[in-house]
file final03.cif (mmCIF, C-alpha atoms (C1' of nucleotides))
data_target
#
loop_
_atom_site.group_PDB
_atom_site.id
_atom_site.type_symbol
_atom_site.label_atom_id
_atom_site.label_comp_id
_atom_site.auth_asym_id
_atom_site.auth_seq_id
_atom_site.Cartn_x
_atom_site.Cartn_y
_atom_site.Cartn_z
ATOM 1 C CA MET A 1 32.062 96.273 3.677
ATOM 2 C CA PRO A 2 32.947 93.845 0.982
ATOM 3 C CA GLU A 3 35.702 95.339 -1.162
ATOM 4 C CA LEU A 4 37.885 93.573 -3.676
ATOM 5 C CA PRO A 5 39.614 91.155 -1.260
ATOM 6 C CA GLU A 6 36.339 90.206 0.382
ATOM 7 C CA VAL A 7 34.494 89.610 -2.877
ATOM 8 C CA GLU A 8 37.481 87.652 -4.160
ATOM 9 C CA THR A 9 37.385 85.496 -1.025
ATOM 10 C CA ILE A 10 33.664 84.945 -1.445
ATOM 11 C CA LYS A 11 34.258 83.932 -5.034
ATOM 12 C CA ARG A 12 36.958 81.461 -4.015
ATOM 13 C CA THR A 13 34.898 79.884 -1.269
ATOM 14 C CA LEU A 14 31.766 79.632 -3.385
ATOM 15 C CA SER A 15 33.295 78.453 -6.648
ATOM 16 C CA PRO A 16 33.927 74.825 -5.697
ATOM 17 C CA ARG A 17 30.470 74.596 -4.177
ATOM 18 C CA LEU A 18 28.479 76.212 -6.946
ATOM 19 C CA VAL A 19 30.179 75.518 -10.234
ATOM 20 C CA GLY A 20 28.507 72.552 -11.903
ATOM 21 C CA ARG A 21 25.467 72.678 -9.646
ATOM 22 C CA THR A 22 22.003 73.328 -10.977
ATOM 23 C CA ILE A 23 19.770 75.943 -9.393
ATOM 24 C CA GLU A 24 16.525 74.076 -8.948
ATOM 25 C CA LYS A 25 14.576 76.860 -7.341
ATOM 26 C CA MET A 26 15.027 80.560 -6.755
ATOM 27 C CA GLU A 27 13.075 81.818 -3.795
ATOM 28 C CA VAL A 28 12.419 85.552 -3.857
ATOM 29 C CA ARG A 29 11.458 86.918 -0.485
ATOM 30 C CA THR A 30 12.124 90.591 -1.158
ATOM 31 C CA PRO A 31 11.592 91.500 -4.816
ATOM 32 C CA LYS A 32 13.214 94.930 -4.644
ATOM 33 C CA PHE A 33 16.659 93.334 -4.619
ATOM 34 C CA LEU A 34 16.202 92.055 -8.153
ATOM 35 C CA VAL A 35 17.147 94.259 -11.084
ATOM 36 C CA GLY A 36 16.580 93.540 -14.764
ATOM 37 C CA ALA A 37 13.389 91.492 -14.527
ATOM 38 C CA GLY A 38 10.401 90.985 -12.294
ATOM 39 C CA PRO A 39 10.471 88.084 -9.830
ATOM 40 C CA ASP A 40 8.638 85.677 -12.148
ATOM 41 C CA GLU A 41 10.753 86.349 -15.200
ATOM 42 C CA PHE A 42 13.895 86.347 -13.044
ATOM 43 C CA ARG A 43 13.025 82.939 -11.640
ATOM 44 C CA ARG A 44 12.177 81.562 -15.040
ATOM 45 C CA ARG A 45 15.608 82.559 -16.318
ATOM 46 C CA VAL A 46 17.512 81.189 -13.356
ATOM 47 C CA GLU A 47 15.703 78.005 -12.401
ATOM 48 C CA GLY A 48 16.884 74.816 -14.014
ATOM 49 C CA GLY A 49 20.163 76.370 -15.106
ATOM 50 C CA ARG A 50 23.607 75.142 -14.206
ATOM 51 C CA VAL A 51 26.265 77.397 -12.716
ATOM 52 C CA LEU A 52 29.040 77.509 -15.295
ATOM 53 C CA ASP A 53 31.507 79.787 -13.568
ATOM 54 C CA LEU A 54 32.049 82.501 -10.974
ATOM 55 C CA GLU A 55 33.968 85.665 -11.713
ATOM 56 C CA ARG A 56 34.750 88.876 -9.945
ATOM 57 C CA ARG A 57 35.100 92.312 -11.463
ATOM 58 C CA GLY A 58 35.825 95.121 -9.025
ATOM 59 C CA LYS A 59 33.340 94.559 -6.228
ATOM 60 C CA PHE A 60 30.881 92.707 -8.452
ATOM 61 C CA LEU A 61 30.522 88.966 -8.236
ATOM 62 C CA ILE A 62 29.392 87.495 -11.555
ATOM 63 C CA LEU A 63 27.597 84.171 -11.722
ATOM 64 C CA ARG A 64 27.619 82.696 -15.196
ATOM 65 C CA LEU A 65 24.530 80.558 -15.592
ATOM 66 C CA GLU A 66 23.412 78.447 -18.508
ATOM 67 C CA ASP A 67 20.625 80.803 -19.436
ATOM 68 C CA GLY A 68 22.080 84.184 -18.509
ATOM 69 C CA ASP A 69 24.567 85.877 -16.216
ATOM 70 C CA LEU A 70 23.855 87.312 -12.801
ATOM 71 C CA ALA A 71 25.842 90.038 -11.105
ATOM 72 C CA VAL A 72 25.709 90.625 -7.383
ATOM 73 C CA HIS A 73 26.862 93.798 -5.678
ATOM 74 C CA LEU A 74 26.934 93.447 -1.913
ATOM 75 C CA LYS A 75 27.453 97.155 -1.243
ATOM 76 C CA MET A 76 27.842 97.653 2.495
ATOM 77 C CA ALA A 77 26.433 94.661 4.236
ATOM 78 C CA GLY A 78 25.425 92.061 1.681
ATOM 79 C CA GLN A 79 26.368 88.434 2.255
ATOM 80 C CA LEU A 80 26.239 85.328 0.102
ATOM 81 C CA VAL A 81 26.171 82.308 2.329
ATOM 82 C CA TRP A 82 26.239 78.687 1.243
ATOM 83 C CA CYS A 83 24.571 76.418 3.760
ATOM 84 C CA ARG A 84 22.079 73.682 4.478
ATOM 85 C CA PRO A 85 18.340 74.416 4.331
ATOM 86 C CA GLY A 86 17.849 74.169 8.075
ATOM 87 C CA ASP A 87 20.891 76.175 9.123
ATOM 88 C CA ASP A 88 20.110 79.028 11.480
ATOM 89 C CA LEU A 89 22.098 82.175 10.741
ATOM 90 C CA GLY A 90 20.649 84.025 13.712
ATOM 91 C CA PRO A 91 17.622 86.320 13.947
ATOM 92 C CA THR A 92 19.128 89.384 12.264
ATOM 93 C CA ARG A 93 20.400 87.580 9.206
ATOM 94 C CA GLU A 94 17.324 85.392 9.086
ATOM 95 C CA LYS A 95 15.166 88.498 8.993
ATOM 96 C CA HIS A 96 17.238 89.941 6.165
ATOM 97 C CA THR A 97 17.485 86.910 3.922
ATOM 98 C CA HIS A 98 16.058 88.230 0.672
ATOM 99 C CA VAL A 99 16.796 85.643 -1.992
ATOM 100 C CA VAL A 100 17.533 81.933 -1.653
ATOM 101 C CA PHE A 101 18.933 79.802 -4.464
ATOM 102 C CA HIS A 102 18.147 76.129 -3.892
ATOM 103 C CA LEU A 103 20.780 73.837 -5.375
ATOM 104 C CA ASP A 104 20.409 70.324 -6.726
ATOM 105 C CA ASP A 105 22.731 68.869 -4.081
ATOM 106 C CA GLY A 106 20.448 69.886 -1.246
ATOM 107 C CA HIS A 107 22.396 72.995 -0.264
ATOM 108 C CA GLU A 108 21.324 76.559 -0.740
ATOM 109 C CA LEU A 109 22.904 79.913 -1.432
ATOM 110 C CA ARG A 110 21.359 82.722 0.582
ATOM 111 C CA TYR A 111 21.567 86.369 -0.245
ATOM 112 C CA VAL A 112 21.455 88.290 3.025
ATOM 113 C CA ASP A 113 21.575 92.073 3.351
ATOM 114 C CA THR A 114 20.829 93.917 6.569
ATOM 115 C CA ARG A 115 21.345 97.380 5.077
ATOM 116 C CA HIS A 116 19.347 96.765 1.925
ATOM 117 C CA PHE A 117 21.842 98.493 -0.356
ATOM 118 C CA GLY A 118 22.966 95.514 -2.431
ATOM 119 C CA ARG A 119 21.300 94.199 -5.599
ATOM 120 C CA VAL A 120 21.160 91.112 -7.808
ATOM 121 C CA TYR A 121 21.219 91.908 -11.519
ATOM 122 C CA LEU A 122 20.083 89.836 -14.465
ATOM 123 C CA LEU A 123 22.677 91.162 -16.886
ATOM 124 C CA ASP A 124 20.743 90.461 -20.063
ATOM 125 C CA GLY A 125 17.431 91.463 -18.568
ATOM 126 C CA ASP A 126 15.158 94.317 -19.649
ATOM 127 C CA PRO A 127 17.389 96.782 -21.527
ATOM 128 C CA ASP A 128 14.996 99.607 -20.679
ATOM 129 C CA ASP A 129 15.346 99.121 -16.956
ATOM 130 C CA PRO A 130 17.286 102.206 -15.860
ATOM 131 C CA LEU A 131 18.839 100.453 -12.871
ATOM 132 C CA LEU A 132 20.152 97.695 -15.085
ATOM 133 C CA ARG A 133 21.483 100.142 -17.651
ATOM 134 C CA ARG A 134 23.253 101.988 -14.899
ATOM 135 C CA ALA A 135 24.902 98.811 -13.602
ATOM 136 C CA LEU A 136 25.968 97.709 -17.061
ATOM 137 C CA ARG A 137 27.538 101.068 -17.673
ATOM 138 C CA THR A 138 29.332 100.954 -14.335
ATOM 139 C CA LEU A 139 30.658 97.491 -15.140
ATOM 140 C CA ASP A 140 31.746 98.623 -18.566
ATOM 141 C CA GLU A 141 33.544 101.662 -17.212
ATOM 142 C CA LEU A 142 35.323 99.918 -14.348
ATOM 143 C CA GLY A 143 39.000 100.739 -14.173
ATOM 144 C CA PRO A 144 41.795 98.177 -14.043
ATOM 145 C CA GLU A 145 42.153 95.761 -11.162
ATOM 146 C CA PRO A 146 44.875 96.877 -8.744
ATOM 147 C CA ARG A 147 46.671 93.562 -9.051
ATOM 148 C CA GLU A 148 49.253 91.815 -11.139
ATOM 149 C CA GLY A 149 47.861 91.406 -14.589
ATOM 150 C CA GLY A 150 45.541 94.386 -14.156
ATOM 151 C CA LEU A 151 46.870 97.818 -13.456
ATOM 152 C CA GLU A 152 50.192 98.444 -15.164
ATOM 153 C CA TRP A 153 52.707 101.032 -14.170
ATOM 154 C CA GLU A 154 52.943 103.280 -17.217
ATOM 155 C CA GLY A 155 49.222 103.719 -17.543
ATOM 156 C CA PHE A 156 48.797 104.261 -13.828
ATOM 157 C CA ARG A 157 51.477 106.918 -13.746
ATOM 158 C CA ALA A 158 49.938 108.748 -16.698
ATOM 159 C CA ARG A 159 46.413 108.644 -15.359
ATOM 160 C CA LEU A 160 47.549 109.860 -11.950
ATOM 161 C CA ALA A 161 49.305 112.810 -13.521
ATOM 162 C CA ALA A 162 46.150 113.761 -15.404
ATOM 163 C CA ARG A 163 43.977 114.065 -12.324
ATOM 164 C CA ALA A 164 43.645 116.947 -9.909
ATOM 165 C CA ALA A 165 41.511 115.016 -7.436
ATOM 166 C CA ARG A 166 42.526 114.233 -3.912
ATOM 167 C CA LEU A 167 43.981 110.769 -3.735
ATOM 168 C CA LYS A 168 41.496 109.438 -1.232
ATOM 169 C CA SER A 169 38.598 110.261 -3.530
ATOM 170 C CA LEU A 170 40.397 109.042 -6.614
ATOM 171 C CA LEU A 171 41.186 105.642 -5.125
ATOM 172 C CA LEU A 172 37.502 105.235 -4.319
ATOM 173 C CA ASP A 173 36.553 106.048 -7.915
ATOM 174 C CA GLN A 174 35.765 102.642 -9.435
ATOM 175 C CA ALA A 175 36.459 103.953 -12.913
ATOM 176 C CA PHE A 176 40.005 104.830 -11.895
ATOM 177 C CA VAL A 177 40.848 101.586 -10.116
ATOM 178 C CA ALA A 178 38.313 98.832 -9.551
ATOM 179 C CA GLY A 179 37.642 97.302 -6.188
ATOM 180 C CA LEU A 180 39.044 99.607 -3.527
ATOM 181 C CA GLY A 181 36.684 100.835 -0.819
ATOM 182 C CA ASN A 182 37.173 102.976 2.230
ATOM 183 C CA ILE A 183 39.224 100.468 4.186
ATOM 184 C CA TYR A 184 41.756 99.594 1.517
ATOM 185 C CA ALA A 185 42.042 103.132 0.174
ATOM 186 C CA ASP A 186 43.222 104.211 3.625
ATOM 187 C CA GLU A 187 45.504 101.212 4.027
ATOM 188 C CA CYS A 188 47.066 101.689 0.590
ATOM 189 C CA LEU A 189 47.823 105.333 1.263
ATOM 190 C CA PHE A 190 49.367 104.463 4.601
ATOM 191 C CA ARG A 191 51.501 101.770 2.995
ATOM 192 C CA ALA A 192 52.679 104.285 0.430
ATOM 193 C CA GLY A 193 53.238 107.017 3.017
ATOM 194 C CA ILE A 194 50.986 109.453 1.192
ATOM 195 C CA HIS A 195 48.461 111.800 2.785
ATOM 196 C CA PRO A 196 44.873 111.252 1.584
ATOM 197 C CA LEU A 197 44.448 114.948 0.753
ATOM 198 C CA ARG A 198 47.370 115.006 -1.668
ATOM 199 C CA LEU A 199 46.372 115.764 -5.245
ATOM 200 C CA ALA A 200 47.017 112.934 -7.660
ATOM 201 C CA SER A 201 48.915 115.100 -10.114
ATOM 202 C CA SER A 202 51.231 116.350 -7.365
ATOM 203 C CA LEU A 203 52.879 112.997 -6.712
ATOM 204 C CA SER A 204 56.547 112.586 -7.495
ATOM 205 C CA GLU A 205 57.664 109.616 -9.550
ATOM 206 C CA GLU A 206 58.886 107.998 -6.362
ATOM 207 C CA GLU A 207 55.581 108.522 -4.558
ATOM 208 C CA ALA A 208 53.589 107.187 -7.486
ATOM 209 C CA ARG A 209 55.748 104.074 -7.460
ATOM 210 C CA ARG A 210 55.168 103.601 -3.755
ATOM 211 C CA LEU A 211 51.429 103.923 -4.259
ATOM 212 C CA PHE A 212 51.460 101.517 -7.181
ATOM 213 C CA ALA A 213 53.389 98.910 -5.216
ATOM 214 C CA GLY A 214 51.499 99.604 -2.007
ATOM 215 C CA MET A 215 48.148 98.923 -3.595
ATOM 216 C CA ARG A 216 49.263 95.600 -4.976
ATOM 217 C CA GLU A 217 50.829 94.560 -1.680
ATOM 218 C CA VAL A 218 47.877 95.513 0.462
ATOM 219 C CA ILE A 219 45.371 93.837 -1.838
ATOM 220 C CA ALA A 220 47.425 90.661 -2.183
ATOM 221 C CA GLU A 221 47.934 90.438 1.553
ATOM 222 C CA ALA A 222 44.275 91.081 2.300
ATOM 223 C CA ILE A 223 43.252 88.288 -0.058
ATOM 224 C CA GLU A 224 45.789 86.010 1.577
ATOM 225 C CA PHE A 225 44.166 86.709 4.949
ATOM 226 C CA ARG A 226 40.692 86.200 3.539
ATOM 227 C CA GLY A 227 39.556 89.786 3.797
ATOM 228 C CA THR A 228 38.636 92.184 6.575
ATOM 229 C CA SER A 229 35.674 91.784 8.882
ATOM 230 C CA VAL A 230 34.920 95.054 10.579
ATOM 231 C CA ARG A 231 31.166 94.821 10.439
ATOM 232 C CA ASP A 232 29.132 92.324 8.571
ATOM 233 C CA TYR A 233 31.538 90.672 6.218
ATOM 234 C CA VAL A 234 31.742 86.886 6.088
ATOM 235 C CA ASP A 235 32.817 84.680 3.195
ATOM 236 C CA GLY A 236 30.758 82.073 1.385
ATOM 237 C CA GLU A 237 31.143 79.696 4.295
ATOM 238 C CA GLY A 238 30.146 82.255 6.888
ATOM 239 C CA ARG A 239 33.733 82.719 8.109
ATOM 240 C CA GLU A 240 35.210 86.057 9.030
ATOM 241 C CA GLY A 241 38.398 87.382 7.466
ATOM 242 C CA SER A 242 41.504 87.927 9.546
ATOM 243 C CA PHE A 243 42.996 90.944 7.809
ATOM 244 C CA SER A 244 41.143 93.061 10.387
ATOM 245 C CA GLU A 245 43.980 92.444 12.834
ATOM 246 C CA ARG A 246 46.484 93.657 10.279
ATOM 247 C CA LEU A 247 44.867 96.996 9.583
ATOM 248 C CA ASN A 248 47.331 99.777 10.269
ATOM 249 C CA VAL A 249 45.131 102.852 10.255
ATOM 250 C CA TYR A 250 41.520 102.084 9.350
ATOM 251 C CA GLY A 251 39.331 102.394 12.429
ATOM 252 C CA ARG A 252 42.363 103.069 14.607
ATOM 253 C CA THR A 253 41.866 106.749 15.364
ATOM 254 C CA GLY A 254 43.954 107.778 18.353
ATOM 255 C CA GLU A 255 45.971 104.576 18.418
ATOM 256 C CA ALA A 256 49.724 104.566 17.916
ATOM 257 C CA CYS A 257 50.963 104.295 14.359
ATOM 258 C CA PRO A 258 52.591 100.867 14.028
ATOM 259 C CA ARG A 259 55.513 102.444 12.176
ATOM 260 C CA CYS A 260 56.337 105.606 14.112
ATOM 261 C CA GLY A 261 54.071 105.675 17.151
ATOM 262 C CA ALA A 262 52.300 108.938 16.347
ATOM 263 C CA ALA A 263 48.560 109.026 17.042
ATOM 264 C CA ILE A 264 46.451 108.014 14.043
ATOM 265 C CA GLU A 265 44.160 110.805 12.905
ATOM 266 C CA ARG A 266 40.763 110.803 11.266
ATOM 267 C CA MET A 267 39.190 113.326 8.939
ATOM 268 C CA VAL A 268 36.253 113.345 6.558
ATOM 269 C CA ILE A 269 37.200 113.561 2.889
ATOM 270 C CA GLY A 270 34.532 113.478 0.225
ATOM 271 C CA GLY A 271 32.054 112.382 2.841
ATOM 272 C CA ARG A 272 34.139 109.354 3.818
ATOM 273 C CA SER A 273 36.052 108.923 7.046
ATOM 274 C CA SER A 274 39.762 108.764 6.375
ATOM 275 C CA HIS A 275 42.430 107.464 8.693
ATOM 276 C CA PHE A 276 46.112 108.259 8.424
ATOM 277 C CA CYS A 277 49.338 108.784 10.324
ATOM 278 C CA PRO A 278 50.185 112.488 10.394
ATOM 279 C CA ARG A 279 53.908 111.731 10.530
ATOM 280 C CA CYS A 280 54.275 108.875 8.034
ATOM 281 C CA GLN A 281 51.856 110.584 5.648
ATOM 282 C CA PRO A 282 52.890 114.246 5.610
ATOM 283 C CA PRO A 283 50.087 116.650 4.696
ATOM 284 C CA PRO A 284 50.166 118.536 1.396
ATOM 285 C CA GLU A 285 51.605 122.020 1.231
ATOM 286 C CA PRO A 286 48.960 124.547 2.273
ATOM 287 C CA SER A 287 47.367 126.318 -0.669
ATOM 288 C CA PRO A 288 48.822 129.751 -1.508
ATOM 289 C CA ARG A 289 45.640 131.527 -0.491
ATOM 290 C CA THR A 290 45.892 130.177 2.993
ATOM 291 C CA ASN A 291 47.846 132.699 4.972
ATOM 292 C CA VAL A 292 47.845 134.314 8.294
ATOM 293 C "C1'" DA B 1 36.735 117.706 -13.829
ATOM 294 C "C1'" DA B 2 36.036 118.147 -8.955
ATOM 295 C "C1'" DG B 3 33.434 118.428 -4.916
ATOM 296 C "C1'" DG B 4 29.375 119.100 -1.914
ATOM 297 C "C1'" DG B 5 24.964 117.449 -0.537
ATOM 298 C "C1'" DC B 6 21.297 114.192 -0.465
ATOM 299 C "C1'" DC B 7 19.390 109.609 -0.673
ATOM 300 C "C1'" DC B 8 18.872 104.644 0.133
ATOM 301 C "C1'" DC B 9 18.563 101.577 4.922
ATOM 302 C "C1'" DT B 10 18.961 99.686 9.485
ATOM 303 C "C1'" DG B 11 21.825 97.900 13.419
ATOM 304 C "C1'" DA B 12 25.043 99.490 16.602
ATOM 305 C "C1'" DA B 13 26.827 102.887 19.355
ATOM 306 C "C1'" DA B 14 26.659 107.070 21.587
ATOM 307 C "C1'" DG B 15 23.925 110.500 24.041
ATOM 308 C "C1'" DC B 16 20.580 111.787 27.465
ATOM 309 C "C1'" DT C 1 17.862 101.213 32.522
ATOM 310 C "C1'" DG C 2 15.671 102.596 28.421
ATOM 311 C "C1'" DC C 3 14.450 105.619 24.894
ATOM 312 C "C1'" DT C 4 16.227 108.760 21.169
ATOM 313 C "C1'" DT C 5 19.572 110.403 18.049
ATOM 314 C "C1'" DT C 6 23.541 109.834 15.310
ATOM 315 C "C1'" DC C 7 26.559 107.388 12.475
ATOM 316 C "C1'" DA C 8 28.491 104.325 8.958
ATOM 317 C "C1'" DG C 9 29.062 103.452 4.226
ATOM 318 C "C1'" DG C 10 28.948 102.066 -1.763
ATOM 319 C "C1'" DG C 11 27.503 104.463 -5.104
ATOM 320 C "C1'" DG C 12 24.044 107.039 -7.967
ATOM 321 C "C1'" DC C 13 22.431 111.547 -8.995
ATOM 322 C "C1'" DC C 14 21.894 116.428 -9.073
ATOM 323 C "C1'" DC C 15 23.887 120.980 -8.729
ATOM 324 C "C1'" DT C 16 27.539 124.381 -8.772
#
call {"tool": "encode", "arguments": {"input": "final03.cif", "output": "structure tokens"}}
result
Amino acid sequence: MPELPEVETIKRTLSPRLVGRTIEKMEVRTPKFLVGAGPDEFRRRVEGGRVLDLERRGKFLILRLEDGDLAVHLKMAGQLVWCRPGDDLGPTREKHTHVVFHLDDGHELRYVDTRHFGRVYLLDGDPDDPLLRRALRTLDELGPEPREGGLEWEGFRARLAARAARLKSLLLDQAFVAGLGNIYADECLFRAGIHPLRLASSLSEEEARRLFAGMREVIAEAIEFRGTSVRDYVDGEGREGSFSERLNVYGRTGEACPRCGAAIERMVIGGRSSHFCPRCQPPPEPSPRTNV
DNA sequence: AAGGGCCCCTGAAAGC
DNA sequence: TGCTTTCAGGGGCCCT
């Protein structure tokens, strides 16, 4: 599941290989992954253009091309792999290679997606395309990045106080903070020692500070370790990330909490599995209506 | 504003 | 062993 640290790692591994290159040919194997233009128009806009720059915003990777910008959202299982034309990525990934960008240096960039949730957007494509409009709006409404230079304390504190939502759901809301997914939301809350069911507005000043710092630390560390590979994630060179070994709670139901030894618990919140330590992350006070 | 439910999609894992 | 069912998950969308 590529979240901020994974997409950032992909950006960093792809940048030196793509920037300055010209896309000679765009091979569309599965048209449904393209949004903003039909395959022919999409190709026409992309082919022959140089890659000017790569950027990341939340979980979106943006490719700035000479004749228009592309945005890629990998959703659950998307991969962008830079390789040689003959390279064999194995039967599963071969079967799910949907778009191939052929570069002028003989390499290619393959868009692979086994779950078929991801999309490639032509950002200045057909303005009447509802899927494109939706993506542009999402991009426009993305919240601050949970890193230095993005999220700042005063604003974070104020926006937390204004929300009644459970923290787990709020951290997953891309308009609140951009780039966190299920893995890092759980890890951030563990780092901060805050239960995922706590309401945002109920946090003390001290807890809000721990969450603020915890998010930055977890994200910075995850980038440093090149992301987390629990399922399909690999970076632009096909390498897995090593933050997986440093996960404290995600996917560790029943295991001992690395801080206190209590058994990690799992519960479903907002339809997402949530992992936490019942001792380090004390549950919220029961609601007044709950009684005996 | 918040939350539940459904959908997209398919490989992996669990169940029988 | 092998077939069938369930699950996971980012995010949009609809409904209450």
call {"tool": "closest_atom_pairs", "arguments": {"input": "final03.cif", "of": "chain A", "to": "chain B", "cutoff": "12 Å", "atoms": "only C-alpha atoms (C1' of nucleotides)", "output": "JSON lines"}}
result
{"residue": "A:Lys75", "atom": "CA", "partner": "B:DC8", "partner_atom": "C1'", "distance": 11.5}
{"residue": "A:Met76", "atom": "CA", "partner": "B:DC9", "partner_atom": "C1'", "distance": 10.4}
{"residue": "A:Ala77", "atom": "CA", "partner": "B:DT10", "partner_atom": "C1'", "distance": 10.4}
{"residue": "A:Thr92", "atom": "CA", "partner": "B:DG11", "partner_atom": "C1'", "distance": 9.0}
{"residue": "A:Arg93", "atom": "CA", "partner": "B:DG11", "partner_atom": "C1'", "distance": 11.2}
{"residue": "A:Lys95", "atom": "CA", "partner": "B:DT10", "partner_atom": "C1'", "distance": 11.8}
{"residue": "A:His96", "atom": "CA", "partner": "B:DT10", "partner_atom": "C1'", "distance": 10.4}
{"residue": "A:Asp113", "atom": "CA", "partner": "B:DC9", "partner_atom": "C1'", "distance": 10.1}
{"residue": "A:Thr114", "atom": "CA", "partner": "B:DT10", "partner_atom": "C1'", "distance": 6.7}
{"residue": "A:Arg115", "atom": "CA", "partner": "B:DC9", "partner_atom": "C1'", "distance": 5.0}
{"residue": "A:His116", "atom": "CA", "partner": "B:DC9", "partner_atom": "C1'", "distance": 5.7}
{"residue": "A:Phe117", "atom": "CA", "partner": "B:DC8", "partner_atom": "C1'", "distance": 6.8}
{"residue": "A:Gly118", "atom": "CA", "partner": "B:DC8", "partner_atom": "C1'", "distance": 10.3}
{"residue": "A:Ala162", "atom": "CA", "partner": "B:DA1", "partner_atom": "C1'", "distance": 10.3}
{"residue": "A:Arg163", "atom": "CA", "partner": "B:DA1", "partner_atom": "C1'", "distance": 8.2}
{"residue": "A:Ala164", "atom": "CA", "partner": "B:DA2", "partner_atom": "C1'", "distance": 7.8}
{"residue": "A:Ala165", "atom": "CA", "partner": "B:DA2", "partner_atom": "C1'", "distance": 6.5}
{"residue": "A:Arg166", "atom": "CA", "partner": "B:DA2", "partner_atom": "C1'", "distance": 9.1}
{"residue": "A:Ser169", "atom": "CA", "partner": "B:DG3", "partner_atom": "C1'", "distance": 9.8}
{"residue": "A:Leu170", "atom": "CA", "partner": "B:DA2", "partner_atom": "C1'", "distance": 10.4}
{"residue": "A:Leu199", "atom": "CA", "partner": "B:DA2", "partner_atom": "C1'", "distance": 11.2}
{"residue": "A:Arg231", "atom": "CA", "partner": "B:DA12", "partner_atom": "C1'", "distance": 9.9}
{"residue": "A:Asp232", "atom": "CA", "partner": "B:DG11", "partner_atom": "C1'", "distance": 10.4}
{"residue": "A:Ile269", "atom": "CA", "partner": "B:DG3", "partner_atom": "C1'", "distance": 9.9}
{"residue": "A:Gly270", "atom": "CA", "partner": "B:DG3", "partner_atom": "C1'", "distance": 7.2}
{"residue": "A:Gly271", "atom": "CA", "partner": "B:DG4", "partner_atom": "C1'", "distance": 8.7}
call {"tool": "closest_residue", "arguments": {"input": "final03.cif", "among": "A:Ala200, A:Val72, A:Leu189, A:Ile194", "to": "A:Met215", "atoms": "all atoms listed in the file"}}
result
A:Leu189
call {"tool": "axis_aligned_box", "arguments": {"input": "final03.cif", "around": "chain B", "padding_each_side": "6 Å", "output": "AutoDock Vina command-line options"}}
result
--center_x 27.6 --center_y 108.5 --center_z 6.8 --size_x 30.2 --size_y 33.2 --size_z 53.3
call {"tool": "atom_distance", "arguments": {"input": "final03.cif", "atom1": "atom CA of A:Val120", "atom2": "atom CA of A:Leu4"}}
result
17.4 Å
call {"tool": "resolve_selection", "arguments": {"input": "final03.cif", "expression": "the PyMOL selection byres ((chain C) within 9 of (chain A))", "output": "count of residues only"}}
result
4
call {"tool": "atom_distance", "arguments": {"input": "final03.cif", "atom1": "atom CA of A:Glu154", "atom2": "atom CA of A:Arg216"}}
result
14.9 Å
call {"tool": "atom_distance", "arguments": {"input": "final03.cif", "atom1": "atom CA of A:Gln281", "atom2": "atom CA of A:Leu197"}}
result
9.9 Å
call {"tool": "closest_residue", "arguments": {"input": "final03.cif", "among": "A:Gly241, A:Pro144, A:Gly58, A:Pro278", "to": "A:Cys257", "atoms": "only C-alpha atoms"}}
result
A:Pro278
call {"tool": "resolve_selection", "arguments": {"input": "final03.cif", "expression": "the PyMOL selection byres ((chain A and resi 36-49) around 7)", "output": "JSON, numbers by chain"}}
result
{"A": [22, 23, 24, 25, 26, 28, 31, 34, 35, 50, 51, 65, 66, 67, 121, 122, 123, 125, 126, 129, 132]}
